[in-house]
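**Student:** Provided herewith: target.cif, mmCIF, C-alpha atoms.
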```
data_structure
loop_
_atom_site.label_atom_id
_atom_site.label_comp_id
_atom_site.auth_asym_id
_atom_site.auth_seq_id
_atom_site.Cartn_x
_atom_site.Cartn_y
_atom_site.Cartn_z
CA MET A 1 -46.67 -28.18 -43.37
CA SER A 2 -44.43 -29.63 -40.68
CA LEU A 3 -43.57 -33.18 -39.86
CA ASP A 4 -45.78 -34.75 -37.18
CA PRO A 5 -43.63 -37.01 -34.99
CA VAL A 6 -45.03 -40.18 -33.48
CA ARG A 7 -43.68 -39.13 -30.07
CA VAL A 8 -42.58 -35.62 -29.11
CA LEU A 9 -39.31 -35.25 -27.22
CA ASP A 10 -39.78 -33.02 -24.16
CA ILE A 11 -36.48 -31.14 -24.09
CA ASP A 12 -37.26 -28.96 -21.07
CA THR A 13 -38.15 -31.93 -18.88
CA LEU A 14 -34.86 -33.56 -19.83
CA LEU A 15 -32.80 -30.42 -19.11
CA ASP A 16 -34.61 -29.53 -15.89
CA ASP A 17 -34.25 -32.97 -14.34
CA PRO A 18 -31.45 -32.73 -11.72
CA LYS A 19 -30.74 -36.41 -12.29
CA THR A 20 -29.65 -35.62 -15.85
CA ARG A 21 -25.93 -34.92 -15.51
CA ILE A 22 -24.62 -35.69 -19.01
CA VAL A 23 -26.23 -35.09 -22.43
CA VAL A 24 -24.34 -36.54 -25.39
CA CYS A 25 -25.18 -35.21 -28.87
CA CYS A 26 -24.13 -37.71 -31.52
CA GLY A 27 -24.76 -38.21 -35.21
CA ALA A 28 -23.24 -37.90 -38.65
CA GLY A 29 -21.19 -34.88 -39.66
CA GLY A 30 -22.88 -31.74 -40.95
CA VAL A 31 -26.27 -32.21 -39.27
CA GLY A 32 -25.94 -29.47 -36.64
CA LYS A 33 -24.58 -31.34 -33.60
CA THR A 34 -22.42 -28.41 -32.47
CA THR A 35 -25.26 -25.88 -32.73
CA THR A 36 -27.65 -28.27 -31.00
CA ALA A 37 -25.23 -28.87 -28.12
CA ALA A 38 -24.65 -25.13 -27.66
CA ALA A 39 -28.37 -24.37 -27.78
CA LEU A 40 -29.13 -27.07 -25.21
CA GLY A 41 -26.38 -25.77 -22.93
CA LEU A 42 -27.63 -22.19 -23.17
CA ARG A 43 -31.25 -23.18 -22.50
CA ALA A 44 -30.30 -25.30 -19.50
CA ALA A 45 -28.14 -22.49 -18.07
CA GLU A 46 -30.89 -19.91 -18.47
CA ARG A 47 -33.25 -22.28 -16.68
CA GLY A 48 -30.98 -22.34 -13.64
CA ARG A 49 -28.40 -25.06 -14.17
CA LYS A 50 -24.61 -24.75 -14.10
CA VAL A 51 -23.59 -26.10 -17.50
CA VAL A 52 -20.39 -26.81 -19.40
CA VAL A 53 -20.48 -27.57 -23.12
CA LEU A 54 -17.62 -29.75 -24.37
CA THR A 55 -17.18 -29.70 -28.13
CA ILE A 56 -14.92 -32.11 -29.98
CA ASP A 57 -15.88 -30.77 -33.40
CA PRO A 58 -12.90 -28.82 -34.81
CA ALA A 59 -15.22 -26.14 -36.22
CA ARG A 60 -15.09 -22.77 -34.44
CA ARG A 61 -18.80 -21.98 -34.70
CA LEU A 62 -19.42 -22.70 -31.03
CA ALA A 63 -16.95 -20.07 -29.84
CA GLN A 64 -18.26 -17.53 -32.32
CA SER A 65 -21.90 -18.05 -31.40
CA MET A 66 -21.10 -17.70 -27.71
CA GLY A 67 -19.10 -14.52 -28.14
CA ILE A 68 -15.81 -16.12 -27.09
CA ASP A 69 -12.64 -15.30 -29.01
CA ALA A 70 -11.35 -18.85 -28.77
CA LEU A 71 -12.06 -22.11 -26.97
CA ASP A 72 -9.37 -24.33 -25.52
CA ASN A 73 -8.95 -27.21 -23.12
CA THR A 74 -10.11 -25.09 -20.16
CA PRO A 75 -13.80 -24.27 -19.56
CA ARG A 76 -14.53 -20.58 -20.27
CA ARG A 77 -17.44 -18.66 -18.75
CA VAL A 78 -19.90 -17.41 -21.36
CA LYS A 79 -21.07 -13.86 -20.75
CA GLY A 80 -24.33 -12.28 -21.78
CA ILE A 81 -26.72 -15.08 -20.81
CA ASP A 82 -29.86 -14.48 -18.77
CA ASP A 83 -28.66 -15.50 -15.29
CA SER A 84 -31.82 -14.47 -13.44
CA ALA A 85 -32.34 -18.15 -12.51
CA ASP A 86 -28.75 -18.34 -11.13
CA GLY A 87 -27.52 -20.53 -13.97
CA GLU A 88 -24.06 -20.46 -15.55
CA LEU A 89 -22.75 -21.47 -18.95
CA HIS A 90 -19.18 -22.54 -19.65
CA ALA A 91 -17.73 -23.83 -22.90
CA MET A 92 -14.56 -25.59 -23.98
CA MET A 93 -13.07 -27.28 -27.02
CA LEU A 94 -11.17 -30.52 -26.65
CA ASP A 95 -7.43 -30.20 -27.18
CA MET A 96 -6.60 -33.81 -27.94
CA LYS A 97 -2.84 -33.58 -27.45
CA ARG A 98 -3.08 -31.41 -24.34
CA THR A 99 -5.48 -33.90 -22.73
CA PHE A 100 -3.06 -36.75 -23.47
CA ASP A 101 -0.22 -34.68 -22.00
CA GLU A 102 -2.26 -34.10 -18.84
CA ILE A 103 -2.75 -37.85 -18.43
CA VAL A 104 0.99 -38.45 -18.73
CA GLU A 105 1.83 -35.65 -16.29
CA ALA A 106 -0.74 -36.93 -13.78
CA HIS A 107 0.50 -40.54 -13.81
CA ALA A 108 4.28 -40.21 -14.12
CA ASP A 109 7.01 -38.49 -12.17
CA PRO A 110 8.44 -35.30 -13.76
CA GLU A 111 11.53 -37.02 -15.21
CA ARG A 112 9.60 -39.87 -16.81
CA ALA A 113 6.86 -37.50 -17.99
CA ALA A 114 9.46 -35.35 -19.75
CA ALA A 115 10.88 -38.44 -21.46
CA ILE A 116 7.43 -39.50 -22.68
CA LEU A 117 6.38 -36.04 -23.87
CA GLY A 118 9.60 -35.69 -25.87
CA ASN A 119 9.37 -39.13 -27.47
CA PRO A 120 8.69 -38.95 -31.25
CA PHE A 121 6.34 -41.93 -31.19
CA TYR A 122 4.30 -40.38 -28.39
CA GLN A 123 4.09 -37.09 -30.28
CA SER A 124 2.66 -38.90 -33.31
CA LEU A 125 0.33 -40.99 -31.17
CA SER A 126 -1.06 -38.03 -29.23
CA ALA A 127 -1.53 -35.89 -32.33
CA GLY A 128 -3.39 -38.20 -34.67
CA PHE A 129 -3.41 -41.91 -33.88
CA ALA A 130 -6.67 -43.60 -34.91
CA GLY A 131 -9.12 -43.43 -32.03
CA THR A 132 -7.09 -40.94 -29.99
CA GLN A 133 -9.63 -38.12 -30.40
CA GLU A 134 -12.53 -40.25 -29.23
CA TYR A 135 -10.49 -41.70 -26.36
CA MET A 136 -9.42 -38.24 -25.19
CA ALA A 137 -12.99 -37.00 -25.43
CA MET A 138 -13.99 -39.72 -22.99
CA GLU A 139 -11.00 -38.91 -20.77
CA LYS A 140 -12.03 -35.26 -20.64
CA LEU A 141 -15.65 -36.19 -19.96
CA GLY A 142 -14.50 -38.38 -17.08
CA GLN A 143 -12.37 -35.54 -15.69
CA LEU A 144 -15.23 -33.05 -15.84
CA ARG A 145 -17.66 -35.45 -14.20
CA ALA A 146 -15.18 -36.34 -11.45
CA ARG A 147 -14.77 -32.66 -10.53
CA ASP A 148 -18.51 -32.45 -9.82
CA GLU A 149 -18.36 -28.72 -10.51
CA TRP A 150 -21.22 -28.60 -13.05
CA ASP A 151 -24.84 -29.68 -12.84
CA LEU A 152 -24.88 -30.65 -16.50
CA ILE A 153 -22.24 -31.59 -19.08
CA VAL A 154 -23.28 -31.35 -22.73
CA VAL A 155 -20.96 -33.23 -25.10
CA ASP A 156 -20.68 -32.53 -28.81
CA THR A 157 -19.18 -35.73 -30.19
CA PRO A 158 -16.65 -36.02 -33.04
CA PRO A 159 -18.11 -35.94 -36.57
CA SER A 160 -17.65 -39.69 -37.07
CA ARG A 161 -18.83 -41.40 -40.21
CA SER A 162 -19.89 -44.42 -38.20
CA ALA A 163 -21.46 -44.90 -34.80
CA LEU A 164 -18.86 -47.59 -34.14
CA ASP A 165 -16.10 -44.96 -34.06
CA PHE A 166 -17.48 -43.08 -31.09
CA LEU A 167 -18.38 -46.15 -29.04
CA ASP A 168 -15.45 -48.39 -29.93
CA ALA A 169 -12.45 -46.09 -30.39
CA PRO A 170 -11.77 -45.61 -26.66
CA LYS A 171 -11.72 -49.37 -26.18
CA ARG A 172 -9.49 -49.84 -29.22
CA LEU A 173 -6.89 -47.34 -28.05
CA GLY A 174 -7.01 -48.68 -24.51
CA SER A 175 -6.57 -52.22 -25.81
CA PHE A 176 -3.65 -51.08 -27.97
CA LEU A 177 -1.85 -49.39 -25.09
CA ASP A 178 -2.52 -52.38 -22.83
CA GLY A 179 -2.18 -55.00 -25.55
CA ARG A 180 0.10 -57.99 -25.92
CA LEU A 181 2.29 -56.37 -28.55
CA ILE A 182 3.03 -53.40 -26.33
CA ARG A 183 3.59 -55.69 -23.35
CA LEU A 184 5.96 -57.78 -25.41
CA LEU A 185 7.90 -54.71 -26.40
CA THR A 186 8.31 -53.77 -22.74
CA ALA A 187 9.55 -57.21 -21.73
CA PRO A 188 13.26 -56.58 -22.46
CA ALA A 189 13.19 -53.39 -20.42
CA LYS A 190 11.54 -55.18 -17.52
CA LEU A 191 14.05 -58.06 -17.53
CA GLY A 192 16.98 -55.70 -17.64
CA GLY A 193 20.71 -56.29 -18.13
CA ARG A 194 22.09 -59.28 -20.00
CA ALA A 195 18.97 -61.32 -19.39
CA GLY A 196 16.95 -58.68 -21.12
CA MET A 197 19.36 -58.46 -24.03
CA LYS A 198 19.44 -62.25 -24.33
CA PHE A 199 15.64 -62.38 -24.35
CA LEU A 200 15.52 -59.65 -26.95
CA ASN A 201 18.13 -61.29 -29.19
CA VAL A 202 16.71 -64.81 -29.00
CA GLY A 203 13.00 -64.49 -28.32
CA MET A 204 12.23 -61.31 -30.23
CA SER A 205 14.78 -61.19 -33.01
CA MET A 206 12.34 -62.43 -35.63
CA MET A 207 9.54 -60.12 -34.51
CA THR A 208 11.68 -57.01 -34.15
CA GLY A 209 13.37 -57.72 -37.46
CA THR A 210 10.00 -57.89 -39.18
CA LEU A 211 8.73 -54.77 -37.39
CA GLY A 212 11.95 -52.99 -38.17
CA LYS A 213 11.44 -53.62 -41.87
CA LEU A 214 7.80 -52.53 -41.73
CA LEU A 215 8.13 -49.52 -39.45
CA GLY A 216 11.80 -48.60 -39.73
CA GLY A 217 14.47 -49.20 -37.12
CA GLN A 218 14.26 -45.73 -35.60
CA LEU A 219 10.48 -45.85 -35.22
CA LEU A 220 10.70 -49.26 -33.54
CA LYS A 221 13.31 -47.88 -31.15
CA ASP A 222 11.04 -44.90 -30.40
CA VAL A 223 8.14 -47.25 -29.71
CA GLN A 224 10.22 -49.35 -27.33
CA THR A 225 11.50 -46.26 -25.54
CA PHE A 226 7.98 -44.87 -25.27
CA VAL A 227 6.60 -48.15 -23.94
CA ALA A 228 9.36 -48.46 -21.37
CA ALA A 229 8.68 -44.94 -20.12
CA MET A 230 4.93 -45.51 -20.04
CA ASP A 231 5.18 -48.78 -18.15
CA THR A 232 3.99 -47.33 -14.85
CA THR A 233 0.75 -45.99 -16.35
CA PHE A 234 -0.34 -48.95 -18.49
CA GLY A 235 -3.13 -50.26 -16.33
CA GLY A 236 -4.84 -46.87 -16.23
CA PHE A 237 -5.80 -46.47 -19.88
CA ARG A 238 -8.16 -49.42 -20.13
CA THR A 239 -9.43 -48.88 -16.58
CA ARG A 240 -10.39 -45.28 -17.28
CA ALA A 241 -11.89 -46.18 -20.65
CA ASP A 242 -14.05 -48.83 -18.99
CA ALA A 243 -15.06 -46.43 -16.21
CA THR A 244 -16.14 -43.75 -18.68
CA TYR A 245 -17.97 -46.33 -20.77
CA LYS A 246 -19.96 -47.32 -17.69
CA LEU A 247 -20.58 -43.64 -17.00
CA LEU A 248 -22.20 -43.36 -20.43
CA GLN A 249 -24.50 -46.26 -19.53
CA ALA A 250 -25.50 -44.74 -16.19
CA PRO A 251 -29.04 -43.39 -15.63
CA GLY A 252 -27.76 -39.80 -15.37
CA THR A 253 -26.62 -39.84 -19.00
CA ALA A 254 -28.89 -39.10 -21.97
CA PHE A 255 -27.98 -39.56 -25.64
CA LEU A 256 -29.54 -37.35 -28.29
CA VAL A 257 -29.12 -38.49 -31.88
CA VAL A 258 -28.99 -35.45 -34.19
CA ALA A 259 -29.96 -35.77 -37.85
CA ALA A 260 -31.43 -33.91 -40.80
CA PRO A 261 -34.58 -35.05 -42.67
CA GLU A 262 -32.46 -36.59 -45.43
CA ARG A 263 -32.05 -40.22 -46.40
CA ASP A 264 -28.34 -40.62 -45.59
CA ALA A 265 -28.53 -38.67 -42.32
CA LEU A 266 -31.54 -40.65 -41.05
CA ARG A 267 -29.96 -43.92 -42.12
CA GLU A 268 -26.96 -43.00 -39.99
CA ALA A 269 -29.30 -41.94 -37.19
CA ALA A 270 -31.05 -45.32 -37.32
CA TYR A 271 -27.67 -47.01 -37.05
CA PHE A 272 -26.85 -44.91 -33.97
CA VAL A 273 -30.20 -45.75 -32.38
CA GLU A 274 -29.72 -49.47 -32.93
CA ARG A 275 -26.13 -49.46 -31.70
CA LEU A 276 -26.97 -47.42 -28.58
CA ALA A 277 -29.72 -49.90 -27.77
CA ALA A 278 -27.34 -52.82 -28.26
CA GLU A 279 -24.83 -51.21 -25.87
CA ASP A 280 -27.50 -50.36 -23.26
CA MET A 281 -26.87 -46.63 -23.69
CA PRO A 282 -29.77 -44.43 -22.49
CA LEU A 283 -31.30 -42.84 -25.59
CA ALA A 284 -33.45 -39.77 -24.92
CA GLY A 285 -34.57 -39.21 -28.49
CA LEU A 286 -33.89 -37.78 -31.94
CA VAL A 287 -33.33 -34.12 -32.79
CA LEU A 288 -34.39 -33.53 -36.39
CA ASN A 289 -32.75 -30.35 -37.67
CA ARG A 290 -33.54 -28.19 -40.70
CA VAL A 291 -37.12 -29.32 -41.19
CA HIS A 292 -38.82 -27.31 -43.93
CA SER A 293 -42.40 -26.06 -43.83
CA SER A 294 -44.89 -24.00 -45.86
CA GLY A 295 -47.96 -21.92 -45.07
CA ALA A 296 -49.64 -22.82 -48.35
CA THR A 297 -49.81 -26.59 -48.28
CA GLN A 298 -53.29 -26.57 -49.80
CA LEU A 299 -51.67 -25.69 -53.14
CA SER A 300 -50.03 -28.89 -54.36
CA ALA A 301 -46.89 -29.01 -56.46
CA GLU A 302 -48.87 -30.26 -59.47
CA ARG A 303 -51.41 -27.42 -59.31
CA ALA A 304 -48.67 -24.83 -58.85
CA LEU A 305 -46.77 -26.08 -61.89
CA ALA A 306 -49.94 -26.17 -63.99
CA ALA A 307 -50.73 -22.57 -63.08
CA ALA A 308 -47.15 -21.51 -63.87
CA GLU A 309 -47.34 -23.15 -67.30
CA ASN A 310 -50.69 -21.49 -67.97
CA LEU A 311 -49.20 -18.07 -67.25
CA ALA A 312 -46.10 -18.75 -69.30
CA GLU A 313 -47.84 -20.15 -72.38
CA ALA A 314 -51.47 -18.93 -72.55
CA ARG A 315 -50.78 -15.27 -71.61
CA ILE A 316 -54.21 -15.06 -70.00
CA VAL A 317 -53.38 -11.78 -68.24
CA ASP A 318 -52.13 -9.96 -71.34
CA GLN A 319 -55.03 -8.22 -73.14
CA GLU A 320 -52.79 -6.61 -75.78
CA GLY A 321 -54.65 -4.07 -77.95
CA GLY A 322 -57.97 -4.51 -76.13
CA LYS A 323 -56.73 -2.20 -73.39
CA ALA A 324 -56.64 0.76 -75.72
CA GLY A 325 -60.18 0.13 -76.87
CA VAL A 326 -61.48 -0.01 -73.33
CA ARG A 327 -59.59 3.10 -72.39
CA ASN A 328 -60.90 5.14 -75.36
CA SER A 329 -64.49 3.85 -75.25
CA PRO A 330 -67.09 6.68 -75.31
CA ASP A 331 -69.15 4.70 -72.79
CA THR A 332 -66.56 5.22 -70.11
CA TYR A 333 -64.47 8.22 -71.02
CA GLY A 334 -66.03 11.61 -70.38
CA SER A 335 -69.58 10.36 -69.58
CA SER A 336 -71.63 12.09 -66.92
CA GLU A 337 -71.91 8.80 -64.99
CA SER A 338 -68.16 8.39 -64.78
CA PRO A 339 -66.46 9.62 -61.59
CA ALA A 340 -63.75 11.05 -63.80
CA SER A 341 -66.23 13.51 -65.36
CA ALA A 342 -65.88 15.86 -62.40
CA VAL A 343 -62.14 16.17 -62.97
CA PRO A 344 -61.05 17.11 -66.45
CA GLU A 345 -58.29 14.91 -67.83
CA ALA A 346 -55.76 15.55 -70.49
CA PRO A 347 -56.84 14.16 -73.83
CA ALA A 348 -55.53 10.75 -74.66
CA PRO A 349 -52.87 10.54 -77.34
CA ASP A 350 -54.13 9.88 -80.80
CA ALA A 351 -54.19 6.23 -81.77
CA GLY A 352 -51.04 5.28 -83.63
CA SER A 353 -49.04 8.20 -82.25
CA PRO A 354 -45.62 7.54 -80.66
CA ALA A 355 -47.03 8.41 -77.21
CA ALA A 356 -49.90 5.91 -77.52
CA ASP A 357 -47.51 3.19 -78.73
CA ARG A 358 -45.22 3.85 -75.75
CA ILE A 359 -48.11 3.58 -73.26
CA ASP A 360 -49.33 0.34 -74.82
CA ALA A 361 -45.81 -1.14 -74.76
CA GLU A 362 -45.29 -0.18 -71.13
CA GLY A 363 -48.62 -1.72 -70.11
CA ALA A 364 -47.89 -4.94 -71.94
CA GLY A 365 -44.36 -5.09 -70.48
CA THR A 366 -45.70 -4.65 -66.94
CA ALA A 367 -48.25 -7.42 -67.47
CA ARG A 368 -45.56 -9.77 -68.77
CA THR A 369 -43.31 -8.94 -65.79
CA VAL A 370 -46.11 -9.75 -63.35
CA GLU A 371 -46.77 -13.01 -65.17
CA GLN A 372 -43.11 -14.00 -65.06
CA LEU A 373 -42.78 -13.22 -61.36
CA THR A 374 -45.97 -15.10 -60.54
CA ALA A 375 -44.91 -18.10 -62.59
CA GLY A 376 -41.50 -18.10 -60.88
CA LEU A 377 -43.08 -18.01 -57.43
CA LEU A 378 -45.39 -20.87 -58.36
CA ARG A 379 -42.42 -22.97 -59.50
CA LEU A 380 -40.56 -22.21 -56.26
CA HIS A 381 -43.60 -23.28 -54.30
CA ALA A 382 -43.77 -26.52 -56.29
CA GLU A 383 -40.13 -27.25 -55.45
CA ARG A 384 -40.80 -26.56 -51.77
CA MET A 385 -43.79 -28.91 -51.75
CA ARG A 386 -41.73 -31.66 -53.38
CA LEU A 387 -39.04 -31.13 -50.71
CA LEU A 388 -41.64 -31.38 -47.94
CA PHE A 389 -42.96 -34.60 -49.44
CA ARG A 390 -39.46 -36.13 -49.55
CA GLU A 391 -38.78 -35.10 -45.94
CA GLN A 392 -42.13 -36.49 -44.78
CA ARG A 393 -41.57 -39.79 -46.55
CA THR A 394 -38.01 -40.12 -45.22
CA ARG A 395 -39.06 -39.30 -41.66
CA ASP A 396 -41.96 -41.74 -41.86
CA ARG A 397 -39.59 -44.54 -42.83
CA PHE A 398 -37.47 -43.83 -39.75
CA THR A 399 -40.41 -43.66 -37.35
CA ALA A 400 -41.89 -46.83 -38.83
CA LEU A 401 -38.65 -48.65 -37.96
CA HIS A 402 -38.21 -46.93 -34.57
CA PRO A 403 -41.62 -45.84 -33.24
CA GLU A 404 -40.24 -45.86 -29.70
CA VAL A 405 -37.87 -42.94 -30.39
CA ALA A 406 -39.18 -39.52 -29.33
CA VAL A 407 -38.51 -36.71 -31.82
CA ALA A 408 -37.94 -32.97 -31.47
CA GLU A 409 -37.89 -30.97 -34.70
CA VAL A 410 -36.16 -27.70 -35.52
CA ALA A 411 -37.39 -25.69 -38.47
CA ALA A 412 -34.86 -24.71 -41.12
CA LEU A 413 -33.52 -21.21 -40.57
CA PRO A 414 -32.72 -18.72 -43.35
CA GLY A 415 -29.12 -18.28 -42.17
CA ASP A 416 -26.42 -19.60 -39.86
CA VAL A 417 -26.56 -19.20 -36.09
CA HIS A 418 -23.81 -16.80 -35.03
CA ASP A 419 -24.79 -15.40 -31.62
CA LEU A 420 -26.58 -16.14 -28.36
CA ALA A 421 -29.88 -14.87 -29.75
CA GLY A 422 -29.70 -17.44 -32.53
CA LEU A 423 -28.85 -20.22 -30.07
CA ARG A 424 -31.74 -19.11 -27.86
CA ASP A 425 -34.06 -19.31 -30.87
CA ILE A 426 -32.86 -22.84 -31.58
CA GLY A 427 -33.48 -23.77 -27.95
CA ASP A 428 -37.02 -22.40 -28.14
CA ARG A 429 -37.70 -24.40 -31.29
CA LEU A 430 -36.26 -27.53 -29.68
CA ALA A 431 -38.50 -27.12 -26.65
CA ALA A 432 -41.53 -26.56 -28.86
CA GLY A 433 -40.72 -29.65 -30.90
CA ALA A 434 -41.22 -27.82 -34.22
#
```
Let me see whether you can do it: turn the structure in this file into structure tokens.

**Tutor:**
Amino acid sequence: MSLDPVRVLDIDTLLDDPKTRIVVCCGAGGVGKTTTAAALGLRAAERGRKVVVLTIDPARRLAQSMGIDALDNTPRRVKGIDDSADGELHAMMLDMKRTFDEIVEAHADPERAAAILGNPFYQSLSAGFAGTQEYMAMEKLGQLRARDEWDLIVVDTPPSRSALDFLDAPKRLGSFLDGRLIRLLTAPAKLGGRAGMKFLNVGMSMMTGTLGKLLGGQLLKDVQTFVAAMDTTFGGFRTRADATYKLLQAPGTAFLVVAAPERDALREAAYFVERLAAEDMPLAGLVLNRVHSSGATQLSAERALAAAENLAEARIVDQEGGKAGVRNSPDTYGSSESPASAVPEAPAPDAGSPAADRIDAEGAGTARTVEQLTAGLLRLHAERMRLLFREQRTRDRFTALHPEVAVAEVAALPGDVHDLAGLRDIGDRLAAGA
């Protein structure tokens, strides 16, 4: 049994459309976003498009599955794809700090850039400030799109716990870097000389004293030095964040929400769907990963468990001593009507002899082993049918709330995807919708 979606997402039509320039894979962590993004990129490339896959997920599975030793902040050509349609596949992994460094180097002269890059506050900000990863992902997306070198950019978003992180973090960081507090901290440097010192001592003494107690005097000094050095680039952060946000709303962008047929994952997916709609982001559909199926759905879980209990308790297969009687019956052994009469057989061991006891024990042991294996398989089948029922019920709840969302399903695989063949298989399953 497989889940029957209300609407089927046509992946190939989406990937083949030349108007589709950006595909963003988003969703909760651990649902297969990275694998989905890589599979989509490979399929689009083998269908003739020039593709770059940008992953923000820190996991290294993407590089391994594409046969690349390591991914970095530079797109790397993936070898071994079917390029008969003249497509290309490139892949890269976001280096958050390096992307921030590139922004500084592009918008400041060498001397000021060196001062910023060596500032302790900047080093902390670029390495792990809240929202920096999401902001830099949008910066890198904007850079790739501006180069106009690829037909299609596939983005694997950060494994955020909330949809708000991905959509709001760039704005939050841009607002912080352009905010009133930062502007206030730059005021003394802008005024300069004694006027600046007087303003700092009179107008900001209370604020800086409080901040100095909270953050430490050295950290506050680092912040002020950083802000003064960054003064020439301040307008750009929010401007670029807004430009990339509008790029995500443009018709050439398509969002794919990735989820698993589990309650928490689909609850998160529903939240993404609702938030994308509220922000006027173009949603293409839902990719439902790891959907389980069975070729024996006519056997229900209840019937399978009943049969397993019957085998385990009633012993209906075990005939015990009756086997010896049938075997030694004069009606069957040695009669002229028996096919065995043409071929003489060795006489059967006398009843009660050690040899006869051993044969009876072996036969009974084999029967019990078959019963145990059959009962175990029936119980496994019952568990699978219960899992299918839970997945069906969970999926139905989602589609009842969002019947407008098209769905593509990917069957659960026995192992992890670790090469191009595995990614190609995922792409085939995505295109088939099951």

**Student:** Can you translate the PyMOL selection byres ((chain A and resi 20) around 10) into the concrete residues it hits in this file, as a compact mmCIF listing (two decimals) with C-alpha atoms, in the coordinates of the input?

**Tutor:**
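Listing of selection_21.txt after writing:
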```
# COMPACT_ATOMS: atom_id res chain seq x y z
CA THR A 13 -38.15 -31.93 -18.88
CA LEU A 14 -34.86 -33.56 -19.83
CA LEU A 15 -32.80 -30.42 -19.11
CA ASP A 16 -34.61 -29.53 -15.89
CA ASP A 17 -34.25 -32.97 -14.34
CA PRO A 18 -31.45 -32.73 -11.72
CA LYS A 19 -30.74 -36.41 -12.29
CA ARG A 21 -25.93 -34.92 -15.51
CA ILE A 22 -24.62 -35.69 -19.01
CA VAL A 23 -26.23 -35.09 -22.43
CA ASP A 151 -24.84 -29.68 -12.84
CA LEU A 152 -24.88 -30.65 -16.50
CA ILE A 153 -22.24 -31.59 -19.08
CA PRO A 251 -29.04 -43.39 -15.63
CA GLY A 252 -27.76 -39.80 -15.37
CA THR A 253 -26.62 -39.84 -19.00
CA ALA A 254 -28.89 -39.10 -21.97
```

**Student:** Counting only C-alpha atoms, which residue out of A:Thr55, A:Thr99, A:Gln249, A:Gln392 sits closest to Gly41 in chain A?

**Tutor:**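 So, comparing all the options, the nearest one is A:Thr55.
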
**Student:** Please report the interatomic distance between CA of Arg397 in chain A and CA of Asp264 in chain A in Å with one decimal.

**Tutor:**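 Spanning CA of Arg397 in chain A to CA of Asp264 in chain A is a straight-line distance of 12.2 Å.
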
**Student:** Using all atoms listed in the file, what table do you get, as a Markdown table, when you list each residue of range 1-83 of chain A with an atom no more than 6 Å from range 399-407 of chain A, its nearest pair of atoms, and their distance in Å rounded to one decimal, rows by chain then rising number?

**Tutor:**
```
| residue | atom | partner | partner_atom | distance |
| --- | --- | --- | --- | --- |
| A:Arg7 | CA | A:Ala406 | CA | 4.6 |
| A:Val8 | CA | A:Val407 | CA | 5.0 |
| A:Leu9 | CA | A:Ala406 | CA | 4.8 |
```

**Student:** Just give me the gap between CA of Cys25 in chain A and CA of Leu420 in chain A in Å, one decimal is fine.

**Tutor:** 19.1 Å

**Student:** Quick one: of A:Pro75, A:Pro110, A:Gly30, A:Pro414, who's nearest to Met92 in chain A, counting all atoms listed in the file?

**Tutor:** A:Pro75

**Student:** My list of candidates is A:Val104, A:Val51, A:Ala137, A:Ala312. Which is closest to Asn73 in chain A when distances are computed with only C-alpha atoms?

**Tutor:** A:Ala137

**Student:** Have a look at CA of Met281 in chain A and CA of Leu167 in chain A and let me know their distance in Å, one decimal.

**Tutor:**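 According to the coordinates, CA of Met281 in chain A and CA of Leu167 in chain A are separated by 10.0 Å.
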
**Student:** Taking only C-alpha atoms into account, name the residue in A:Arg145, A:Arg390, A:Arg240, A:Arg47 that is nearest to Glu262 in chain A.

**Tutor:**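 Of A:Arg145, A:Arg390, A:Arg240, A:Arg47, the one nearest Glu262 in chain A is A:Arg390, counting only C-alpha atoms.
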
**Student:** Apply the PyMOL selection byres ((chain A and resi 63) around 10) to the structure shown and report the selected residues as a list in words.

**Tutor:**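 That expression, the PyMOL selection byres ((chain A and resi 63) around 10), corresponds here to Ala38, Thr55, Ala59, Arg60, Arg61, Leu62, Gln64, Ser65, Met66, Gly67, Ile68, Asp69, Ala70, Leu71, Asp72, Arg76, Val78, Ala91, Met92, Met93, His418 and Asp419 of chain A.
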
**Student:** Export, as an mmCIF file, in the frame of the given file, the selected residues with C-alpha atoms.

**Tutor:**
```
data_model
loop_
_atom_site.group_PDB
_atom_site.id
_atom_site.type_symbol
_atom_site.label_atom_id
_atom_site.label_comp_id
_atom_site.auth_asym_id
_atom_site.auth_seq_id
_atom_site.Cartn_x
_atom_site.Cartn_y
_atom_site.Cartn_z
ATOM 1 C CA ALA A 38 -24.650 -25.130 -27.660
ATOM 2 C CA THR A 55 -17.180 -29.700 -28.130
ATOM 3 C CA ALA A 59 -15.220 -26.140 -36.220
ATOM 4 C CA ARG A 60 -15.090 -22.770 -34.440
ATOM 5 C CA ARG A 61 -18.800 -21.980 -34.700
ATOM 6 C CA LEU A 62 -19.420 -22.700 -31.030
ATOM 7 C CA GLN A 64 -18.260 -17.530 -32.320
ATOM 8 C CA SER A 65 -21.900 -18.050 -31.400
ATOM 9 C CA MET A 66 -21.100 -17.700 -27.710
ATOM 10 C CA GLY A 67 -19.100 -14.520 -28.140
ATOM 11 C CA ILE A 68 -15.810 -16.120 -27.090
ATOM 12 C CA ASP A 69 -12.640 -15.300 -29.010
ATOM 13 C CA ALA A 70 -11.350 -18.850 -28.770
ATOM 14 C CA LEU A 71 -12.060 -22.110 -26.970
ATOM 15 C CA ASP A 72 -9.370 -24.330 -25.520
ATOM 16 C CA ARG A 76 -14.530 -20.580 -20.270
ATOM 17 C CA VAL A 78 -19.900 -17.410 -21.360
ATOM 18 C CA ALA A 91 -17.730 -23.830 -22.900
ATOM 19 C CA MET A 92 -14.560 -25.590 -23.980
ATOM 20 C CA MET A 93 -13.070 -27.280 -27.020
ATOM 21 C CA HIS A 418 -23.810 -16.800 -35.030
ATOM 22 C CA ASP A 419 -24.790 -15.400 -31.620
#
```
